[in-house]
>>> print(open('query_22.txt').read())   # compact mmCIF, C-alpha atoms
# COMPACT_ATOMS: atom_id res chain seq x y z
CA MET A 1455 87.75 147.51 -4.92
CA HIS A 1456 84.57 149.18 -6.08
CA GLY A 1457 84.02 150.17 -9.68
CA ARG A 1458 81.18 152.36 -10.89
CA GLY A 1459 77.73 150.82 -11.07
CA ILE A 1460 76.80 149.10 -14.31
CA GLU A 1461 74.06 151.65 -15.06
CA LEU A 1462 76.55 154.53 -14.96
CA ILE A 1463 79.09 152.58 -17.00
CA LEU A 1464 76.54 151.76 -19.70
CA MET A 1465 75.21 155.32 -19.77
CA ARG A 1466 78.74 156.68 -20.08
CA GLN A 1467 79.49 154.30 -22.94
CA LEU A 1468 76.28 155.33 -24.70
CA ALA A 1469 76.92 159.03 -24.13
CA SER A 1470 80.43 158.68 -25.53
CA CYS A 1471 78.86 157.50 -28.82
CA LEU A 1472 76.36 160.36 -29.19
CA SER A 1473 76.61 163.86 -30.60
CA MET A 1474 74.18 165.29 -28.02
CA PRO A 1475 75.80 167.15 -25.10
CA ILE A 1476 75.36 164.88 -22.07
CA LEU A 1477 76.49 165.17 -18.47
CA LEU A 1478 76.37 162.22 -16.13
CA SER A 1479 76.17 162.46 -12.35
CA ASP A 1480 76.26 159.71 -9.73
CA GLY A 1481 73.51 158.89 -7.27
CA ARG A 1482 74.54 161.75 -5.00
CA GLY A 1483 74.41 164.24 -7.84
CA GLU A 1484 78.19 164.58 -8.23
CA LEU A 1485 79.21 165.12 -11.84
CA VAL A 1486 81.31 162.15 -12.97
CA TYR A 1487 81.34 162.34 -16.78
CA VAL A 1488 81.02 164.92 -19.55
CA ASN A 1489 80.89 163.71 -23.13
CA GLU A 1490 82.83 165.50 -25.86
CA PRO A 1491 79.92 167.50 -27.30
CA ALA A 1492 79.15 168.79 -23.80
CA GLU A 1493 82.81 169.59 -23.18
CA GLN A 1494 82.84 171.59 -26.39
CA LEU A 1495 79.59 173.39 -25.65
CA LEU A 1496 80.09 174.13 -21.96
CA GLY A 1497 83.86 174.10 -21.50
CA ILE A 1498 83.47 171.70 -18.57
CA THR A 1499 85.74 168.70 -18.14
CA VAL A 1500 85.93 166.09 -15.45
CA GLY A 1501 88.69 163.51 -15.22
CA ASP A 1502 87.99 159.81 -14.91
CA SER A 1503 88.70 159.92 -11.20
CA ASP A 1504 87.31 163.38 -10.50
CA THR A 1505 83.92 164.62 -9.47
CA LEU A 1506 82.26 168.03 -9.37
CA SER A 1507 79.43 168.89 -7.02
CA MET A 1508 76.16 170.29 -8.36
CA GLN A 1509 76.91 173.70 -6.89
CA GLU A 1510 80.44 173.74 -8.32
CA LEU A 1511 79.02 172.85 -11.72
CA ALA A 1512 76.39 175.59 -11.50
CA ASP A 1513 79.04 178.09 -10.40
CA GLN A 1514 81.42 177.15 -13.22
CA LEU A 1515 78.62 177.59 -15.74
CA SER A 1516 77.26 180.73 -14.05
CA MET A 1517 73.91 178.99 -14.38
CA ARG A 1518 70.82 181.16 -14.10
CA GLY A 1519 67.17 180.76 -14.91
CA GLY A 1520 65.86 181.35 -18.40
CA ASN A 1521 64.90 184.88 -17.36
CA GLY A 1522 68.42 185.59 -16.16
CA ALA A 1523 67.56 185.39 -12.46
CA PRO A 1524 69.87 183.39 -10.18
CA LEU A 1525 68.76 179.85 -9.38
CA SER A 1526 68.52 178.65 -5.82
CA HIS A 1527 70.31 175.39 -5.00
CA ASP A 1528 67.04 173.40 -5.17
CA GLU A 1529 66.17 174.96 -8.52
CA LEU A 1530 69.26 173.59 -10.23
CA PRO A 1531 67.96 171.04 -12.77
CA ASN A 1532 70.15 168.22 -11.46
CA ARG A 1533 69.13 168.90 -7.90
CA ALA A 1534 65.46 169.05 -8.83
CA ALA A 1535 65.66 165.71 -10.64
CA LEU A 1536 67.57 164.15 -7.76
CA LEU A 1537 65.04 165.37 -5.19
CA SER A 1538 61.95 164.51 -7.19
CA GLY A 1539 63.15 161.29 -8.81
CA ARG A 1540 61.45 162.47 -11.99
CA VAL A 1541 62.26 164.10 -15.29
CA VAL A 1542 62.93 167.84 -15.09
CA GLN A 1543 62.86 170.16 -18.10
CA ARG A 1544 64.02 173.71 -17.56
CA ARG A 1545 65.36 176.54 -19.67
CA VAL A 1546 68.60 177.89 -18.22
CA GLN A 1547 71.20 180.46 -19.12
CA VAL A 1548 74.88 179.58 -18.85
CA ARG A 1549 78.24 181.07 -19.69
CA ALA A 1550 79.72 179.05 -22.57
CA SER A 1551 83.37 178.12 -22.96
CA ASP A 1552 83.89 181.04 -25.36
CA GLY A 1553 82.31 183.51 -22.94
CA ARG A 1554 78.98 183.83 -24.73
CA ASN A 1555 75.72 183.61 -22.87
CA LEU A 1556 73.87 180.49 -23.97
CA TRP A 1557 70.24 179.60 -23.48
CA LEU A 1558 69.80 175.91 -23.05
CA ASP A 1559 66.86 173.63 -22.57
CA ALA A 1560 67.97 171.17 -19.91
CA THR A 1561 66.38 167.74 -19.84
CA VAL A 1562 67.44 165.90 -16.73
CA PHE A 1563 66.31 162.46 -15.63
CA PRO A 1564 67.29 160.00 -12.93
CA LEU A 1565 68.71 156.55 -13.64
CA ILE A 1566 66.76 154.02 -11.60
CA SER A 1567 68.41 150.62 -11.10
CA PRO A 1568 66.56 147.31 -11.53
CA VAL A 1569 66.01 147.25 -7.78
CA GLY A 1570 64.54 150.74 -7.74
CA GLU A 1571 67.52 152.73 -6.47
CA SER A 1572 68.42 156.11 -7.93
CA VAL A 1573 71.98 155.52 -9.11
CA GLY A 1574 72.63 158.51 -11.32
CA ILE A 1575 71.40 161.60 -13.12
CA VAL A 1576 71.59 162.19 -16.87
CA SER A 1577 71.55 165.79 -18.10
CA LEU A 1578 71.02 166.66 -21.75
CA TYR A 1579 71.52 170.25 -22.78
CA TRP A 1580 69.81 171.48 -25.94
CA GLU A 1581 71.03 174.80 -27.26
CA VAL A 1582 68.28 177.33 -27.98
CA PRO A 1583 69.76 179.23 -30.91
CA ASP A 1584 67.23 182.02 -31.23
CA GLU A 1585 67.36 183.27 -27.63
CA GLY A 1586 69.42 186.16 -26.39
CA MET B 1413 89.86 125.73 -3.79
CA ARG B 1414 89.50 123.40 -6.77
CA VAL B 1415 87.80 124.42 -9.99
CA ARG B 1416 86.60 122.02 -12.68
CA LEU B 1417 85.13 122.99 -16.04
CA TRP B 1418 82.10 120.86 -16.99
CA GLY B 1419 80.87 123.06 -19.83
CA THR B 1420 82.89 125.60 -21.78
CA ARG B 1421 80.78 126.27 -24.88
CA GLY B 1422 78.77 129.43 -25.42
CA SER B 1423 75.27 129.90 -26.76
CA LEU B 1424 74.54 126.38 -27.99
CA ALA B 1425 75.69 122.91 -27.05
CA THR B 1426 77.84 121.56 -29.87
CA PRO B 1427 78.68 117.90 -29.32
CA GLY B 1428 80.63 116.26 -32.11
CA GLY B 1429 83.93 115.00 -33.29
CA ASP B 1430 85.33 118.43 -33.99
CA THR B 1431 84.60 119.84 -30.50
CA MET B 1432 85.85 116.93 -28.39
CA ARG B 1433 88.84 118.64 -26.80
CA TYR B 1434 87.51 122.10 -25.96
CA GLY B 1435 84.09 120.61 -25.28
CA GLY B 1436 80.56 120.92 -26.55
CA ASN B 1437 78.61 121.40 -23.31
CA THR B 1438 77.44 124.86 -22.32
CA SER B 1439 78.57 126.80 -19.25
CA CYS B 1440 79.03 124.94 -16.00
CA VAL B 1441 81.90 125.16 -13.52
CA GLU B 1442 82.31 123.28 -10.25
CA VAL B 1443 84.06 125.05 -7.37
CA ARG B 1444 85.04 122.98 -4.38
CA ALA B 1445 86.46 124.43 -1.19
CA GLU B 1446 89.14 122.63 0.77
CA ASP B 1447 86.47 121.40 3.23
CA GLY B 1448 84.29 120.01 0.43
CA THR B 1449 81.81 122.87 0.24
CA THR B 1450 80.61 122.81 -3.38
CA LEU B 1451 79.34 125.58 -5.62
CA VAL B 1452 78.14 125.17 -9.18
CA LEU B 1453 78.53 128.16 -11.47
CA ASP B 1454 75.80 128.17 -14.08
CA ALA B 1455 73.60 125.29 -15.13
CA GLY B 1456 74.33 124.82 -18.81
CA THR B 1457 74.32 121.35 -20.29
CA GLY B 1458 77.61 120.56 -18.55
CA ILE B 1459 75.77 120.31 -15.23
CA TYR B 1460 74.25 116.97 -16.29
CA ARG B 1461 77.49 115.01 -15.98
CA LEU B 1462 78.48 116.92 -12.86
CA GLY B 1463 75.22 115.86 -11.20
CA GLN B 1464 75.82 112.23 -12.04
CA GLY B 1465 79.15 112.21 -10.30
CA LEU B 1466 78.29 114.05 -7.10
CA SER B 1467 77.93 112.12 -3.86
CA ASP B 1468 78.24 112.60 -0.11
CA PHE B 1469 76.75 116.05 0.20
CA ASP B 1470 73.71 117.50 1.87
CA ARG B 1471 73.90 121.03 0.52
CA LEU B 1472 74.69 122.42 -2.92
CA ASP B 1473 74.65 126.00 -4.16
CA ILE B 1474 74.08 126.84 -7.81
CA LEU B 1475 75.07 130.38 -8.80
CA LEU B 1476 73.52 131.56 -12.05
CA THR B 1477 75.04 134.52 -13.85
CA HIS B 1478 71.91 135.07 -15.94
CA LEU B 1479 69.03 133.16 -17.38
CA HIS B 1480 69.89 132.74 -21.05
CA MET B 1481 69.21 129.16 -22.08
CA ASP B 1482 72.84 128.12 -22.40
CA HIS B 1483 73.22 128.84 -18.68
CA ILE B 1484 70.10 127.11 -17.37
CA GLN B 1485 69.26 124.38 -19.82
CA GLY B 1486 70.81 121.65 -17.71
CA LEU B 1487 69.01 122.60 -14.51
CA GLY B 1488 66.09 120.24 -15.05
CA PHE B 1489 68.53 117.37 -15.57
CA PHE B 1490 70.60 117.93 -12.42
CA GLU B 1491 70.07 114.82 -10.34
CA PRO B 1492 70.54 116.39 -6.88
CA LEU B 1493 67.40 118.45 -7.48
CA PHE B 1494 65.40 115.23 -7.40
CA GLU B 1495 66.94 113.84 -4.20
CA PRO B 1496 64.87 114.23 -1.03
CA GLY B 1497 66.86 115.47 1.91
CA VAL B 1498 69.31 117.43 -0.18
CA GLU B 1499 69.38 121.18 0.36
CA VAL B 1500 69.86 123.07 -2.91
CA HIS B 1501 70.17 126.84 -3.07
CA VAL B 1502 69.91 128.56 -6.45
CA TRP B 1503 71.21 132.12 -6.63
CA GLY B 1504 70.59 134.34 -9.64
CA PRO B 1505 69.43 137.70 -10.92
CA GLU B 1506 65.83 138.78 -10.70
CA SER B 1507 64.49 141.35 -13.15
CA SER B 1508 62.76 144.60 -12.32
CA THR B 1509 59.40 142.85 -12.72
CA LEU B 1510 59.96 139.17 -11.84
CA ASP B 1511 61.82 137.41 -9.06
CA LEU B 1512 64.19 134.53 -9.80
CA ARG B 1513 61.45 131.95 -9.21
CA GLY B 1514 59.15 133.65 -11.68
CA ARG B 1515 61.87 133.95 -14.28
CA LEU B 1516 63.09 130.35 -13.94
CA SER B 1517 59.52 129.11 -14.08
CA ARG B 1518 59.19 130.43 -17.58
CA TYR B 1519 61.58 127.69 -18.66
CA LEU B 1520 60.79 125.07 -16.02
CA SER B 1521 57.13 124.70 -16.95
CA PRO B 1522 55.14 123.48 -19.96
CA PRO B 1523 55.34 123.84 -22.86
CA LEU B 1524 59.12 124.29 -22.68
CA PHE B 1525 59.72 121.67 -19.97
CA PRO B 1526 57.52 118.99 -18.40
CA VAL B 1527 58.79 119.40 -14.83
CA ARG B 1528 58.03 122.47 -12.73
CA LEU B 1529 60.17 123.96 -10.00
CA ARG B 1530 57.70 122.67 -7.40
CA ASP B 1531 58.24 119.12 -8.66
CA PHE B 1532 61.87 118.99 -7.55
CA ARG B 1533 62.12 116.71 -4.52
CA CYS B 1534 65.09 118.42 -2.88
CA SER B 1535 64.70 121.23 -0.38
CA LEU B 1536 64.99 124.11 -2.83
CA THR B 1537 65.62 127.74 -1.92
CA LEU B 1538 65.87 130.49 -4.51
CA HIS B 1539 67.81 133.67 -3.85
CA ASP B 1540 67.49 136.94 -5.79
CA VAL B 1541 70.96 138.51 -6.02
CA MET B 1542 70.57 141.94 -7.58
CA ARG B 1543 70.35 143.67 -4.20
CA LEU B 1544 73.29 141.71 -2.80
CA GLU B 1545 76.94 142.66 -2.87
CA GLY B 1546 77.94 139.25 -1.63
CA PHE B 1547 77.36 136.35 0.73
CA ARG B 1548 79.25 133.51 2.38
CA ILE B 1549 78.83 129.78 1.85
CA GLY B 1550 80.97 127.83 4.28
CA PRO B 1551 84.55 129.01 3.79
CA LEU B 1552 83.76 130.59 0.41
CA GLU B 1553 83.21 134.32 0.19
CA VAL B 1554 81.12 135.27 -2.84
CA ALA B 1555 81.05 138.79 -4.28
CA ILE B 1556 78.51 139.74 -6.95
CA ALA B 1557 78.29 142.60 -9.43
CA PRO B 1558 76.15 143.27 -12.49
CA VAL B 1559 78.10 143.23 -15.76
CA ILE B 1560 77.41 144.29 -19.33
CA HIS B 1561 75.34 141.65 -21.11
CA PRO B 1562 71.76 141.85 -22.40
CA GLY B 1563 69.27 141.41 -19.57
CA PRO B 1564 70.04 141.17 -15.85
CA THR B 1565 73.47 139.53 -15.66
CA VAL B 1566 76.02 139.27 -12.90
CA GLY B 1567 79.55 138.01 -12.46
CA TYR B 1568 80.90 136.31 -9.36
CA ARG B 1569 84.14 136.46 -7.43
CA ILE B 1570 84.73 133.52 -5.13
CA SER B 1571 87.44 133.67 -2.52
CA GLU B 1572 88.79 131.14 -0.09
CA GLY B 1573 91.45 132.67 2.08
CA ALA B 1574 93.81 134.54 -0.23
CA ALA B 1575 92.82 132.61 -3.37
CA ALA B 1576 90.29 134.24 -5.68
CA LEU B 1577 88.40 133.04 -8.74
CA ALA B 1578 86.50 135.51 -10.95
CA TYR B 1579 83.77 134.08 -13.18
CA ILE B 1580 82.37 136.36 -15.90
CA PRO B 1581 81.32 134.01 -18.69
CA ASP B 1582 79.13 136.43 -20.68
CA HIS B 1583 80.48 139.95 -20.84
CA GLU B 1584 80.89 142.76 -23.32
CA PRO B 1585 82.86 145.41 -21.44
CA ALA B 1586 83.86 147.15 -24.68
CA LEU B 1587 80.28 147.77 -25.82
CA GLY B 1588 80.27 151.01 -27.78
CA LEU B 1589 83.97 151.67 -27.25
CA ASP B 1590 87.08 151.35 -29.38
CA ARG B 1591 89.12 150.37 -26.34
CA LEU B 1592 88.36 149.56 -22.74
CA PRO B 1593 88.36 152.58 -20.43
CA GLN B 1594 91.75 153.58 -19.07
CA ASN B 1595 90.35 154.04 -15.59
CA PRO B 1596 89.30 150.62 -14.28
CA ASN B 1597 86.55 152.18 -12.17
CA TRP B 1598 84.69 152.71 -15.44
CA MET B 1599 85.24 149.15 -16.66
CA SER B 1600 82.40 146.68 -16.26
CA GLY B 1601 83.47 143.70 -14.16
CA TRP B 1602 86.75 145.16 -12.97
CA ALA B 1603 85.99 145.00 -9.26
CA LEU B 1604 85.21 141.29 -9.60
CA ALA B 1605 88.34 140.44 -11.54
CA ALA B 1606 90.96 142.70 -9.98
CA ASN B 1607 94.03 140.68 -8.98
CA ALA B 1608 92.17 137.38 -9.25
CA ASP B 1609 94.27 134.24 -9.34
CA LEU B 1610 92.00 132.75 -11.99
CA LEU B 1611 89.72 134.67 -14.34
CA ILE B 1612 87.23 132.62 -16.35
CA HIS B 1613 85.98 135.07 -18.97
CA ASP B 1614 83.93 135.28 -22.12
CA ALA B 1615 86.07 135.03 -25.26
CA GLN B 1616 83.45 134.19 -27.83
CA TYR B 1617 84.60 136.12 -30.88
CA THR B 1618 87.74 136.78 -32.83
CA ALA B 1619 88.59 140.40 -33.57
CA GLU B 1620 87.26 139.84 -37.08
CA GLU B 1621 83.95 138.39 -35.89
CA TYR B 1622 83.22 140.99 -33.20
CA PRO B 1623 82.14 143.95 -35.39
CA SER B 1624 79.17 142.01 -36.76
CA HIS B 1625 78.14 140.95 -33.24
CA VAL B 1626 78.33 144.24 -31.32
CA GLY B 1627 75.64 144.34 -28.64
CA TRP B 1628 75.22 140.58 -28.46
CA GLY B 1629 76.89 140.66 -25.06
CA HIS B 1630 80.22 138.99 -25.73
CA SER B 1631 83.88 139.86 -25.97
CA SER B 1632 86.44 139.62 -28.69
CA LEU B 1633 89.71 137.97 -27.85
CA ASP B 1634 91.46 141.34 -27.95
CA HIS B 1635 89.00 142.75 -25.43
CA VAL B 1636 89.61 139.85 -23.08
CA LEU B 1637 93.34 140.42 -23.22
CA GLN B 1638 92.86 144.11 -22.43
CA PHE B 1639 90.45 143.27 -19.62
CA ALA B 1640 92.75 140.69 -18.03
CA THR B 1641 95.69 143.07 -18.32
CA ARG B 1642 93.85 145.93 -16.63
CA ALA B 1643 92.56 143.60 -13.93
CA GLN B 1644 96.08 142.25 -13.32
CA VAL B 1645 94.94 138.66 -13.06
CA LYS B 1646 97.41 135.80 -12.74
CA THR B 1647 95.75 133.28 -15.06
CA LEU B 1648 93.17 133.92 -17.77
CA VAL B 1649 90.86 131.15 -18.92
CA PRO B 1650 89.14 132.19 -22.18
CA PHE B 1651 85.67 130.61 -21.99
CA HIS B 1652 82.27 130.49 -23.71
CA HIS B 1653 83.62 129.37 -27.06
CA ASP B 1654 81.51 130.21 -30.07
CA PRO B 1655 79.52 127.22 -31.38
CA SER B 1656 81.10 127.66 -34.80
CA HIS B 1657 84.65 127.35 -33.46
CA THR B 1658 85.98 123.83 -33.85
CA ASP B 1659 88.91 122.40 -31.93
CA ALA B 1660 91.20 123.11 -34.86
CA MET B 1661 90.05 126.70 -35.08
CA LEU B 1662 90.44 127.23 -31.33
CA ASP B 1663 93.95 125.76 -31.48
CA GLY B 1664 94.75 128.36 -34.10
CA ILE B 1665 93.10 131.20 -32.21
CA PHE B 1666 94.63 130.49 -28.82
CA GLY B 1667 97.96 129.03 -29.88
CA GLU B 1668 99.48 132.45 -30.35
CA TRP B 1669 98.24 133.66 -26.97
CA VAL B 1670 99.51 130.68 -25.03
CA ALA B 1671 102.93 131.15 -26.60
CA ARG B 1672 103.13 134.88 -25.91
CA ARG B 1673 105.73 135.90 -23.37
CA ASP B 1674 104.86 139.59 -23.17
CA LEU B 1675 101.69 139.03 -21.15
CA ALA B 1676 101.80 139.40 -17.39
CA PHE B 1677 99.52 136.40 -16.94
CA HIS B 1678 99.14 132.85 -18.17
CA VAL B 1679 96.52 132.00 -20.76
CA VAL B 1680 94.90 128.59 -20.40
CA PRO B 1681 92.00 128.19 -22.86
CA ALA B 1682 88.97 126.53 -21.31
CA MET B 1683 88.67 122.83 -22.09
CA GLU B 1684 85.93 120.62 -20.78
CA GLY B 1685 87.25 118.53 -17.91
CA ALA B 1686 90.13 120.86 -17.07
CA THR B 1687 90.81 121.35 -13.38
CA PHE B 1688 92.61 124.10 -11.51
CA HIS B 1689 93.83 124.17 -7.94
CA LEU B 1690 94.02 127.61 -6.39
CA ASP B 1691 96.06 128.01 -3.26
CA PRO B 1692 98.32 130.72 -1.84
CA GLY B 1693 101.15 129.36 -4.00
CA GLY B 1694 99.25 130.13 -7.19
CA VAL B 1695 97.22 128.24 -9.77
CA LYS B 1696 98.01 124.67 -10.75
CA GLY B 1697 96.39 122.69 -13.51
CA GLY B 1698 94.60 123.52 -16.68
>>> encode(input="query_22.txt", output="structure tokens")
Amino acid sequence: MHGRGIELILMRQLASCLSMPILLSDGRGELVYVNEPAEQLLGITVGDSDTLSMQELADQLSMRGGNGAPLSHDELPNRAALLSGRVVQRRVQVRASDGRNLWLDATVFPLISPVGESVGIVSLYWEVPDEG
Amino acid sequence: MRVRLWGTRGSLATPGGDTMRYGGNTSCVEVRAEDGTTLVLDAGTGIYRLGQGLSDFDRLDILLTHLHMDHIQGLGFFEPLFEPGVEVHVWGPESSTLDLRGRLSRYLSPPLFPVRLRDFRCSLTLHDVMRLEGFRIGPLEVAIAPVIHPGPTVGYRISEGAAALAYIPDHEPALGLDRLPQNPNWMSGWALAANADLLIHDAQYTAEEYPSHVGWGHSSLDHVLQFATRAQVKTLVPFHHDPSHTDAMLDGIFGEWVARRDLAFHVVPAMEGATFHLDPGGVKGG
């Protein structure tokens, strides 16, 4: 019997209380939680027992760079934060749930446990209204 | 495995005529394996009387859930710590910047306390637990997991054979939520408590009191019921009574629960001095 780590549980509970679109991934980068504002913005859902890989997420969102060019696997914001262990800020273009192209500023940071382990990735997506 | 409650009160010791039955001492629970191996869960003021009654042992293990004062205040008064030749192991959470020794020393040193850790005459070993998933002490298997409470805090699951005790005295699994998560994987403390024979769990607030104490790290009685239901425990022991709750108030609060027949588990409110015997046949006592 293994539940989620306490850092992920607390982050999920915080994200569920906020109006900012937030995605939460586990320590391997698998998407494990999407809060309601993010569901509404991106049209992405993930069940309590489901996960979505970084590539699957990028594919579902048709994620590209801010200039419209495709992103390599290592350029995906989540992947970059996971590899570097640091905050990543990147402008990206995605396909929204209503089919529109959206420009988003992604702020992605790792969750580091008290014993120094990377146990998750938090992704905040800020809509850039005047692009496009 | 035998379990005895030496301290059931939360936050502040509350001796007095109106707390005699449920008890005024803060968190301390004795766990004794069938072969006599003894663990002490938390070192609140209840540990003082426990220490006076212990004899015929050469090793003791004290498992601290966290270092709030109501869980460590009795440590400096625990007689076995002053007995040469006795091996005492203290297990507890380190922080990201201080090990357990450094954190305990903040209390066990002047000006808060005259005696330092180095002054204990026993053979003392301190164990940081945050990197551990578990360990074994004699026949007792101990599992550890961090739980929701301010500061580094863990819960313990102690198993002997098929019998399991879960001890989560300070816990706010519903922090920020209207209800506990449907999926237990997302519920703080679930892995510790799942299918336990005996769950000793924080039940500090009534449903009416909880909204003005959100974030203080404790559960309302409704949350505890939800938690125990999801974890499918056999017996729930509501613990860590609020200092303001007198015996009469606790009778009123818990009376309805104990009488309920729609719950899939027994409810036995924590009372100082209560004992439980866990064996494959179930839980006896209370």
>>> atom_distance(input="query_22.txt", atom1="atom CA of B:Tyr1617", atom2="atom CA of B:Ser1632")
4.5 Å
>>> atom_distance(input="query_22.txt", atom1="atom CA of B:Val1649", atom2="atom CA of B:Gly1563")
23.9 Å
>>> interface_residues(input="query_22.txt", of="chain A", to="chain B", cutoff="6 Å", atoms="all atoms listed in the file", output="PyMOL selection string")
chain A and resi 1455-1458+1463+1467+1568
>>> residues_near_point(input="query_22.txt", point="(82.5, 176.4, -24.5)", cutoff="9 Å", atoms="only C-alpha atoms", output="number ranges by chain")
A: 1492-1498, 1549-1554
>>> residues_near_point(input="query_22.txt", point="(61.0, 130.3, -17.9)", cutoff="10 Å", atoms="all atoms listed in the file", output="ChimeraX atom specification")
/B:1479-1481,1484,1512-1525,1528
>>> residues_around(input="query_22.txt", residues="A:Ser1507", least_positions_apart="4", cutoff="10 Å", atoms="only C-alpha atoms", output="number ranges by chain")
A: 1479, 1482-1486, 1511-1513
>>> residues_around(input="query_22.txt", residues="A:Thr1561", least_positions_apart="2", cutoff="6 Å", atoms="only C-alpha atoms", output="PyMOL selection string")
chain A and resi 1542-1543+1577-1578
>>> decode(input="query_22.txt", residues="stretch 1542-1555 of chain A", atoms="C-alpha atoms", output="compact mmCIF listing (two decimals), in the first residue's frame")
# COMPACT_ATOMS: atom_id res chain seq x y z
CA VAL A 1542 11.96 27.05 -16.07
CA GLN A 1543 10.02 29.91 -17.66
CA ARG A 1544 9.10 29.56 -21.30
CA ARG A 1545 6.52 30.98 -23.66
CA VAL A 1546 4.68 28.21 -25.48
CA GLN A 1547 1.83 27.89 -27.93
CA VAL A 1548 -0.87 25.29 -27.35
CA ARG A 1549 -4.18 24.25 -28.80
CA ALA A 1550 -6.90 25.16 -26.28
CA SER A 1551 -9.96 23.07 -25.50
CA ASP A 1552 -12.07 25.23 -27.83
CA GLY A 1553 -9.59 24.83 -30.69
CA ARG A 1554 -8.02 28.28 -30.40
CA ASN A 1555 -4.29 28.76 -30.42
